[in-house]
>>> print(open('upload-v8.csv').read())   # CSV, C-alpha atoms and all ligand atoms
chain,number,residue,atom,x,y,z
J,1,MET,CA,0.0,0.0,0.0
J,2,GLU,CA,1.3,3.4,-0.9
J,3,ARG,CA,1.5,5.9,1.9
J,4,ARG,CA,0.2,9.0,0.2
J,5,LEU,CA,-1.3,10.4,3.4
J,6,GLU,CA,1.8,10.1,5.6
J,7,GLY,CA,1.5,12.3,8.7
J,8,LYS,CA,-1.7,14.0,7.5
J,9,VAL,CA,-4.3,14.7,10.3
J,10,ALA,CA,-7.5,13.5,8.8
J,11,MET,CA,-10.8,14.0,10.6
J,12,ILE,CA,-13.4,11.6,9.3
J,13,THR,CA,-17.0,11.7,10.5
J,14,GLY,CA,-19.2,8.6,10.8
J,15,THR,CA,-16.4,6.1,11.4
J,16,ALA,CA,-18.5,3.6,13.2
J,17,SER,CA,-19.9,2.1,10.1
J,18,GLY,CA,-19.9,1.7,6.3
J,19,MET,CA,-17.8,4.1,4.2
J,20,GLY,CA,-16.6,6.0,7.3
J,21,ARG,CA,-15.1,2.8,8.7
J,22,ALA,CA,-13.6,1.8,5.3
J,23,ALA,CA,-12.1,5.3,5.0
J,24,ALA,CA,-10.6,5.2,8.5
J,25,ILE,CA,-8.9,1.9,7.7
J,26,ARG,CA,-7.7,3.1,4.2
J,27,PHE,CA,-6.5,6.5,5.3
J,28,ALA,CA,-4.6,5.0,8.3
J,29,ALA,CA,-3.0,2.4,6.0
J,30,GLU,CA,-1.8,5.3,3.8
J,31,GLY,CA,-0.1,6.9,6.9
J,32,ALA,CA,-2.8,9.4,8.0
J,33,LEU,CA,-3.4,10.1,11.7
J,34,VAL,CA,-7.1,9.4,11.7
J,35,GLU,CA,-9.4,11.2,14.0
J,36,GLY,CA,-12.8,9.5,13.7
J,37,CYS,CA,-16.0,10.4,15.4
J,38,ASP,CA,-19.5,9.0,15.5
J,39,LEU,CA,-22.7,8.9,17.6
J,40,ASP,CA,-22.1,5.1,18.0
J,41,VAL,CA,-19.6,4.4,20.7
J,42,GLU,CA,-19.3,0.7,20.2
J,43,GLY,CA,-19.0,0.7,16.4
J,44,ASN,CA,-16.4,3.5,16.5
J,45,ALA,CA,-14.3,1.6,19.0
J,46,GLU,CA,-14.5,-1.5,16.7
J,47,THR,CA,-13.2,0.6,13.9
J,48,ALA,CA,-10.3,1.9,16.0
J,49,ALA,CA,-9.5,-1.7,16.9
J,50,LEU,CA,-9.5,-2.7,13.2
J,51,VAL,CA,-7.2,0.2,12.4
J,52,ALA,CA,-4.8,-0.7,15.2
J,53,ALA,CA,-4.8,-4.3,14.2
J,54,SER,CA,-3.6,-3.3,10.8
J,55,GLY,CA,-0.9,-1.1,12.2
J,56,GLY,CA,-2.6,2.3,11.7
J,57,VAL,CA,-3.3,5.2,14.0
J,58,MET,CA,-6.9,6.2,14.8
J,59,ARG,CA,-8.3,8.0,17.8
J,60,ALA,CA,-12.1,7.2,18.1
J,61,THR,CA,-14.2,9.9,19.7
J,62,ALA,CA,-17.8,9.0,20.6
J,63,PRO,CA,-20.6,9.8,21.2
J,64,ILE,CA,-20.4,13.0,19.2
J,65,ASP,CA,-23.5,14.5,17.6
J,66,LEU,CA,-22.1,16.5,14.8
J,67,ALA,CA,-25.2,18.6,14.4
J,68,GLU,CA,-24.7,19.9,18.0
J,69,GLU,CA,-22.3,22.9,17.7
J,70,ALA,CA,-20.8,22.6,21.2
J,71,SER,CA,-20.1,18.9,20.9
J,72,CYS,CA,-18.6,19.2,17.4
J,73,GLN,CA,-16.5,22.1,18.6
J,74,LEU,CA,-15.1,20.1,21.5
J,75,TRP,CA,-14.0,17.4,19.0
J,76,VAL,CA,-12.3,19.9,16.7
J,77,ASP,CA,-10.6,21.6,19.7
J,78,ALA,CA,-9.4,18.2,21.0
J,79,VAL,CA,-7.9,17.2,17.6
J,80,VAL,CA,-6.1,20.6,17.3
J,81,ALA,CA,-4.8,20.3,20.9
J,82,ARG,CA,-3.4,16.8,20.0
J,83,HIS,CA,-1.9,17.5,16.6
J,84,GLY,CA,-1.8,21.3,16.2
J,85,ARG,CA,-3.5,21.2,12.8
J,86,ILE,CA,-6.2,19.6,10.6
J,87,ASP,CA,-5.2,18.6,7.1
J,88,VAL,CA,-8.4,16.9,5.9
J,89,LEU,CA,-12.0,17.1,7.1
J,90,TYR,CA,-14.0,14.3,5.5
J,91,ASN,CA,-17.7,15.0,6.1
J,92,ASN,CA,-19.0,11.4,5.6
J,93,ALA,CA,-21.6,10.9,8.4
J,94,SER,CA,-25.2,11.1,7.7
J,95,ALA,CA,-28.6,9.7,8.6
J,96,CYS,CA,-31.9,10.2,6.7
J,97,VAL,CA,-35.5,9.1,6.3
J,98,PHE,CA,-36.8,7.8,3.0
J,99,ALA,CA,-40.6,8.4,2.6
J,100,LEU,CA,-43.0,9.4,-0.1
J,101,ILE,CA,-44.0,13.1,0.0
J,102,ASP,CA,-47.5,12.5,1.4
J,103,GLN,CA,-46.2,10.1,4.0
J,104,MET,CA,-43.1,12.0,5.2
J,105,THR,CA,-43.7,13.7,8.5
J,106,ARG,CA,-42.3,17.1,9.5
J,107,GLU,CA,-40.2,15.4,12.1
J,108,GLN,CA,-38.7,13.0,9.5
J,109,TRP,CA,-38.0,16.0,7.2
J,110,ASP,CA,-36.3,17.9,10.0
J,111,PHE,CA,-34.3,14.8,11.1
J,112,THR,CA,-33.0,14.4,7.5
J,113,ILE,CA,-32.1,18.1,7.1
J,114,ARG,CA,-30.3,18.0,10.5
J,115,ASN,CA,-28.4,14.8,10.0
J,116,GLU,CA,-27.5,15.1,6.3
J,117,LEU,CA,-27.0,18.8,5.9
J,118,THR,CA,-26.7,20.8,9.1
J,119,LEU,CA,-24.0,18.5,10.4
J,120,VAL,CA,-21.8,19.3,7.3
J,121,PHE,CA,-22.1,23.0,8.0
J,122,VAL,CA,-21.5,22.7,11.7
J,123,ALA,CA,-18.4,20.5,11.3
J,124,THR,CA,-17.0,22.6,8.5
J,125,LYS,CA,-17.5,25.9,10.4
J,126,ALA,CA,-15.8,24.5,13.5
J,127,ALA,CA,-12.8,23.2,11.5
J,128,TRP,CA,-12.6,26.1,9.1
J,129,PRO,CA,-9.9,28.3,10.8
J,130,HIS,CA,-7.7,25.3,11.2
J,131,LEU,CA,-8.2,24.2,7.6
J,132,CYS,CA,-7.3,27.7,6.5
J,133,ALA,CA,-4.1,27.7,8.6
J,134,SER,CA,-3.0,24.4,7.1
J,135,GLN,CA,-4.3,24.9,3.5
J,136,GLY,CA,-6.3,21.8,4.1
J,137,LEU,CA,-9.0,19.9,2.2
J,138,ILE,CA,-12.7,19.4,2.8
J,139,LEU,CA,-14.1,16.2,1.3
J,140,ASN,CA,-17.9,16.0,1.4
J,141,THR,CA,-20.0,12.9,0.7
J,142,ALA,CA,-22.8,13.8,-1.6
J,143,SER,CA,-24.6,11.1,-3.6
J,144,VAL,CA,-26.1,10.2,-7.0
J,145,ALA,CA,-29.3,11.2,-5.2
J,146,GLY,CA,-28.1,14.7,-5.3
J,147,HIS,CA,-27.9,14.6,-9.1
J,148,GLY,CA,-31.4,13.5,-9.5
J,149,GLY,CA,-34.4,12.2,-7.6
J,150,GLY,CA,-36.6,9.2,-7.3
J,151,PRO,CA,-39.6,8.2,-5.2
J,152,GLY,CA,-39.0,8.4,-1.5
J,153,GLY,CA,-36.0,10.7,-1.8
J,154,ILE,CA,-37.6,14.1,-1.1
J,155,GLY,CA,-35.4,14.8,1.9
J,156,HIS,CA,-32.3,12.8,0.9
J,157,SER,CA,-32.0,14.2,-2.7
J,158,ALA,CA,-32.6,17.7,-1.3
J,159,THR,CA,-29.8,17.4,1.2
J,160,LYS,CA,-27.3,15.8,-1.1
J,161,ALA,CA,-28.0,18.4,-3.9
J,162,ALA,CA,-27.3,20.9,-1.2
J,163,VAL,CA,-24.0,19.2,-0.3
J,164,LEU,CA,-22.9,19.5,-3.9
J,165,ALA,CA,-23.8,23.2,-3.8
J,166,MET,CA,-22.1,23.7,-0.5
J,167,THR,CA,-18.9,22.1,-1.9
J,168,HIS,CA,-18.8,24.8,-4.6
J,169,VAL,CA,-19.2,27.6,-2.0
J,170,MET,CA,-16.5,26.0,0.3
J,171,ALA,CA,-14.2,25.8,-2.7
J,172,ALA,CA,-14.8,29.5,-3.6
J,173,GLU,CA,-14.5,30.8,0.0
J,174,GLY,CA,-11.5,28.5,0.7
J,175,ALA,CA,-9.5,29.3,-2.4
J,176,PRO,CA,-8.0,32.6,-1.1
J,177,HIS,CA,-6.8,30.6,2.0
J,178,GLY,CA,-5.4,27.7,0.0
J,179,VAL,CA,-8.3,25.5,1.2
J,180,ARG,CA,-9.8,23.1,-1.4
J,181,ALA,CA,-13.2,21.4,-1.3
J,182,LEU,CA,-14.4,18.3,-3.2
J,183,SER,CA,-17.3,15.9,-3.0
J,184,ILE,CA,-17.7,12.3,-3.8
J,185,SER,CA,-21.1,11.0,-5.1
J,186,PRO,CA,-21.3,7.3,-4.5
J,187,GLY,CA,-23.8,5.1,-6.2
J,188,VAL,CA,-25.4,2.2,-4.4
J,189,VAL,CA,-22.9,0.9,-1.7
J,190,GLN,CA,-23.3,-2.1,0.5
J,191,THR,CA,-23.2,-0.7,4.1
J,192,PRO,CA,-25.3,-1.0,7.3
J,193,GLY,CA,-26.8,2.4,6.2
J,194,SER,CA,-28.2,1.0,2.9
J,195,ALA,CA,-29.1,-2.5,4.3
J,196,ASP,CA,-32.8,-1.8,4.8
J,197,GLN,CA,-33.2,-0.5,1.3
J,198,LEU,CA,-31.2,-3.3,-0.3
J,199,ALA,CA,-33.2,-5.8,1.6
J,200,GLN,CA,-36.5,-4.8,0.1
J,201,PRO,CA,-37.5,-7.3,-2.6
J,202,GLY,CA,-37.0,-5.7,-6.0
J,203,ALA,CA,-36.4,-2.3,-4.6
J,204,MET,CA,-33.0,-1.9,-6.0
J,205,ASP,CA,-33.4,-3.9,-9.2
J,206,GLY,CA,-34.3,-0.9,-11.4
J,207,LEU,CA,-31.4,1.1,-10.0
J,208,LEU,CA,-28.9,-1.7,-10.4
J,209,MET,CA,-30.1,-2.5,-13.9
J,210,ALA,CA,-29.6,1.1,-14.8
J,211,SER,CA,-25.9,1.0,-13.8
J,212,LEU,CA,-23.3,-0.3,-16.2
J,213,VAL,CA,-21.6,-2.6,-13.7
J,214,LYS,CA,-24.8,-4.3,-12.4
J,215,ARG,CA,-23.7,-4.6,-8.8
J,216,VAL,CA,-23.5,-2.5,-5.7
J,217,ALA,CA,-20.2,-1.1,-4.6
J,218,GLN,CA,-18.2,-2.2,-1.5
J,219,PRO,CA,-17.3,0.6,0.9
J,220,GLU,CA,-13.6,0.1,0.2
J,221,GLU,CA,-14.2,1.1,-3.4
J,222,ILE,CA,-15.3,4.5,-2.2
J,223,ALA,CA,-12.6,4.8,0.4
J,224,ALA,CA,-10.0,4.2,-2.3
J,225,VAL,CA,-11.2,7.2,-4.3
J,226,ALA,CA,-11.4,9.3,-1.1
J,227,ALA,CA,-7.8,8.4,-0.3
J,228,PHE,CA,-6.7,9.6,-3.7
J,229,LEU,CA,-8.7,12.8,-3.3
J,230,ALA,CA,-7.1,13.5,0.1
J,231,SER,CA,-3.6,13.0,-1.3
J,232,SER,CA,-1.4,15.5,-3.0
J,233,GLU,CA,-2.0,13.7,-6.2
J,234,ALA,CA,-5.4,15.5,-6.4
J,235,SER,CA,-3.8,18.9,-5.8
J,236,PHE,CA,-5.3,20.6,-8.9
J,237,MET,CA,-8.8,19.6,-8.0
J,238,THR,CA,-11.2,21.9,-6.2
J,239,GLY,CA,-14.9,22.5,-6.4
J,240,SER,CA,-15.4,19.2,-8.2
J,241,ASP,CA,-17.7,16.3,-7.6
J,242,VAL,CA,-16.5,12.8,-8.3
J,243,LEU,CA,-19.1,10.2,-9.3
J,244,VAL,CA,-18.2,6.7,-8.1
J,245,ASP,CA,-21.4,5.1,-9.2
J,246,GLY,CA,-20.6,2.2,-11.5
J,247,GLY,CA,-21.9,4.1,-14.5
J,248,LEU,CA,-25.3,4.8,-13.0
J,249,ILE,CA,-25.7,8.4,-14.1
J,250,ASN,CA,-23.6,9.3,-17.1
J,251,HIS,CA,-24.7,6.9,-19.8
N,301,LIG,N1,-24.7,3.4,1.2
N,301,LIG,C1,-25.0,4.0,0.1
N,301,LIG,O1,-25.5,3.4,-0.9
N,301,LIG,C2,-24.8,5.5,-0.1
N,301,LIG,C3,-24.9,6.0,-1.4
N,301,LIG,C4,-24.6,7.3,-1.7
N,301,LIG,C5,-24.2,8.1,-0.6
N,301,LIG,N2,-24.1,7.6,0.6
N,301,LIG,C6,-23.6,8.5,1.7
N,301,LIG,O2,-22.4,8.0,2.2
N,301,LIG,C7,-22.2,8.4,3.6
N,301,LIG,C8,-21.9,7.1,4.4
N,301,LIG,O3,-23.0,6.2,4.2
N,301,LIG,P1,-23.0,4.8,4.8
N,301,LIG,O4,-23.9,4.0,3.9
N,301,LIG,O5,-21.6,4.3,5.1
N,301,LIG,O6,-23.8,5.1,6.2
N,301,LIG,P2,-23.9,4.3,7.6
N,301,LIG,O7,-25.3,4.5,8.0
N,301,LIG,O8,-23.4,2.9,7.4
N,301,LIG,O9,-22.8,5.1,8.5
N,301,LIG,C9,-23.1,6.4,8.8
N,301,LIG,C10,-22.5,6.7,10.1
N,301,LIG,O10,-22.8,8.1,10.4
N,301,LIG,C11,-23.1,8.2,11.8
N,301,LIG,N3,-23.9,9.4,12.1
N,301,LIG,C12,-25.1,9.8,11.5
N,301,LIG,N4,-25.6,10.9,12.0
N,301,LIG,C13,-24.6,11.4,12.9
N,301,LIG,C14,-24.5,12.5,13.7
N,301,LIG,N5,-25.4,13.5,13.8
N,301,LIG,N6,-23.3,12.7,14.4
N,301,LIG,C15,-22.4,11.8,14.4
N,301,LIG,N7,-22.4,10.6,13.6
N,301,LIG,C16,-23.5,10.5,12.9
N,301,LIG,C17,-23.9,7.0,12.1
N,301,LIG,O11,-24.0,6.7,13.5
N,301,LIG,C18,-23.2,5.9,11.3
N,301,LIG,O12,-22.2,5.3,12.0
N,301,LIG,C19,-23.4,9.1,3.9
N,301,LIG,O13,-23.2,10.5,3.8
N,301,LIG,C20,-24.5,8.6,2.9
N,301,LIG,O14,-25.5,9.5,2.7
N,301,LIG,C21,-24.4,6.3,0.9
>>> encode(input="upload-v8.csv", output="structure tokens")
Amino acid sequence: MERRLEGKVAMITGTASGMGRAAAIRFAAEGALVEGCDLDVEGNAETAALVAASGGVMRATAPIDLAEEASCQLWVDAVVARHGRIDVLYNNASACVFALIDQMTREQWDFTIRNELTLVFVATKAAWPHLCASQGLILNTASVAGHGGGPGGIGHSATKAAVLAMTHVMAAEGAPHGVRALSISPGVVQTPGSADQLAQPGAMDGLLMASLVKRVAQPEEIAAVAAFLASSEASFMTGSDVLVDGGLINH
């Protein structure tokens, strides 16, 4: 394994599960000092153990509710106190409710906005001065859902389209400080977060048939792209979204 992230301080959100866990393992394997947070204490500790078992460095902080400013700020302050800087903020964590428009409650809508959108703003704002100081990178997780919309995605597609737009703003405001901002738009990825949807009979058939590769992705396939984007090899990229969707959208 190349060590393209040697010594970089990488804050990754949502490291207890799915793509956040895979990113923690991959980033640490490439030499990053991983700072991972999550609401889920047990899952996050498991990830830290997996990283340690493979010889990497990860500090697991949990429970942190990233949409709570005070709690998020404490995490950022602790990371800066430990390392003196932040090189990468990977806004991966999210939670949402899928429901048809006439069935989605106001509470479900608010939950989705809070846990897919507000948490990206809160974490980015808290880390911003440190990213400016280190000419760091913000890597946001958007989704193919942000490029379009299907039944049940009224909240999810709205938040992910907003994450794409926020990435453009972060890139524009970050440029004078040497801060870059990118997003990844995964297609369908096999994670605990997508398990309910994937388990519904026939629910994903149309989506998968529409893709060119006819399969779901593994979280490691997204983490591999994230590691490249976080490395100096991607130094000329900012404001872009990278589709990692098995050819779902652009054909
Ligand atoms: N799985 C897919 O098919 C897919 C496709 C496209 C995009 N995405 C996006 O990729 C990212 C990761 O998805 P995943 O499938 O690995 O999800 P997951 O549900 O497996 O993991 C998400 C993690 O985020 C944490 N989290 C949620 N809200 C939080 C909060 N307020 N504070 C702290 N931690 C919080 C959860 O506890 C969980 O551990 C998400 O942004 C998701 O929207 C997923």
>>> closest_residue(input="upload-v8.csv", among="J:His168, J:His156, J:His147, J:Lys125", to="Cys96 of chain J", atoms="only C-alpha atoms")
J:His156
>>> residues_near_ligand(input="upload-v8.csv", ligand="ligand LIG 301 (chain N)", cutoff="7 Å", atoms="only C-alpha atoms and all ligand atoms", output="PyMOL selection string")
chain J and resi 13-20+37-40+64-67+92-95+115-116+119+141-144+185-194
>>> atom_distance(input="upload-v8.csv", atom1="atom CA of Val244 of chain J", atom2="atom CA of Ala60 of chain J")
26.9 Å
>>> atom_distance(input="upload-v8.csv", atom1="atom CA of Ile86 of chain J", atom2="atom CA of Asp241 of chain J")
21.8 Å
>>> residues_around(input="upload-v8.csv", residues="Gly148 of chain J", least_positions_apart="2", cutoff="12 Å", atoms="only C-alpha atoms", output="list of chain:residue names")
J:Ala142, J:Ser143, J:Val144, J:Ala145, J:Gly146, J:Gly150, J:Pro151, J:Gly153, J:Ile154, J:His156, J:Ser157, J:Ala158, J:Thr159, J:Lys160, J:Ala161, J:Ala162, J:Leu164, J:Ser185, J:Gly187, J:Leu248, J:Ile249, J:Asn250
>>> write_last_selection(input="upload-v8.csv", atoms="C-alpha atoms", output="PDB file, in the coordinates of the input")
ATOM      1  CA  ALA J 142     -22.800  13.800  -1.600  1.00  0.00           C
ATOM      2  CA  SER J 143     -24.600  11.100  -3.600  1.00  0.00           C
ATOM      3  CA  VAL J 144     -26.100  10.200  -7.000  1.00  0.00           C
ATOM      4  CA  ALA J 145     -29.300  11.200  -5.200  1.00  0.00           C
ATOM      5  CA  GLY J 146     -28.100  14.700  -5.300  1.00  0.00           C
ATOM      6  CA  GLY J 150     -36.600   9.200  -7.300  1.00  0.00           C
ATOM      7  CA  PRO J 151     -39.600   8.200  -5.200  1.00  0.00           C
ATOM      8  CA  GLY J 153     -36.000  10.700  -1.800  1.00  0.00           C
ATOM      9  CA  ILE J 154     -37.600  14.100  -1.100  1.00  0.00           C
ATOM     10  CA  HIS J 156     -32.300  12.800   0.900  1.00  0.00           C
ATOM     11  CA  SER J 157     -32.000  14.200  -2.700  1.00  0.00           C
ATOM     12  CA  ALA J 158     -32.600  17.700  -1.300  1.00  0.00           C
ATOM     13  CA  THR J 159     -29.800  17.400   1.200  1.00  0.00           C
ATOM     14  CA  LYS J 160     -27.300  15.800  -1.100  1.00  0.00           C
ATOM     15  CA  ALA J 161     -28.000  18.400  -3.900  1.00  0.00           C
ATOM     16  CA  ALA J 162     -27.300  20.900  -1.200  1.00  0.00           C
ATOM     17  CA  LEU J 164     -22.900  19.500  -3.900  1.00  0.00           C
ATOM     18  CA  SER J 185     -21.100  11.000  -5.100  1.00  0.00           C
ATOM     19  CA  GLY J 187     -23.800   5.100  -6.200  1.00  0.00           C
ATOM     20  CA  LEU J 248     -25.300   4.800 -13.000  1.00  0.00           C
ATOM     21  CA  ILE J 249     -25.700   8.400 -14.100  1.00  0.00           C
ATOM     22  CA  ASN J 250     -23.600   9.300 -17.100  1.00  0.00           C
TER      23      ASN J 250
END
>>> closest_residue(input="upload-v8.csv", among="J:Asp102, J:Glu46, J:Glu68, J:Asp87", to="Val9 of chain J", atoms="only C-alpha atoms")
J:Asp87
>>> residues_near_point(input="upload-v8.csv", point="(-0.6, 4.9, 14.3)", cutoff="10 Å", atoms="all atoms listed in the file", output="PyMOL selection string")
chain J and resi 7+28-29+31-34+51-52+54-59
>>> atom_distance(input="upload-v8.csv", atom1="atom CA of Val122 of chain J", atom2="atom CA of Thr47 of chain J")
23.7 Å
>>> closest_residue(input="upload-v8.csv", among="J:Ser240, J:Gln73, J:Gln200, J:Asn44", to="Ile184 of chain J", atoms="all atoms listed in the file")
J:Ser240
>>> closest_residue(input="upload-v8.csv", among="J:Met209, J:Ala81, J:Val76, J:Leu50", to="Ala123 of chain J", atoms="all atoms listed in the file")
J:Val76
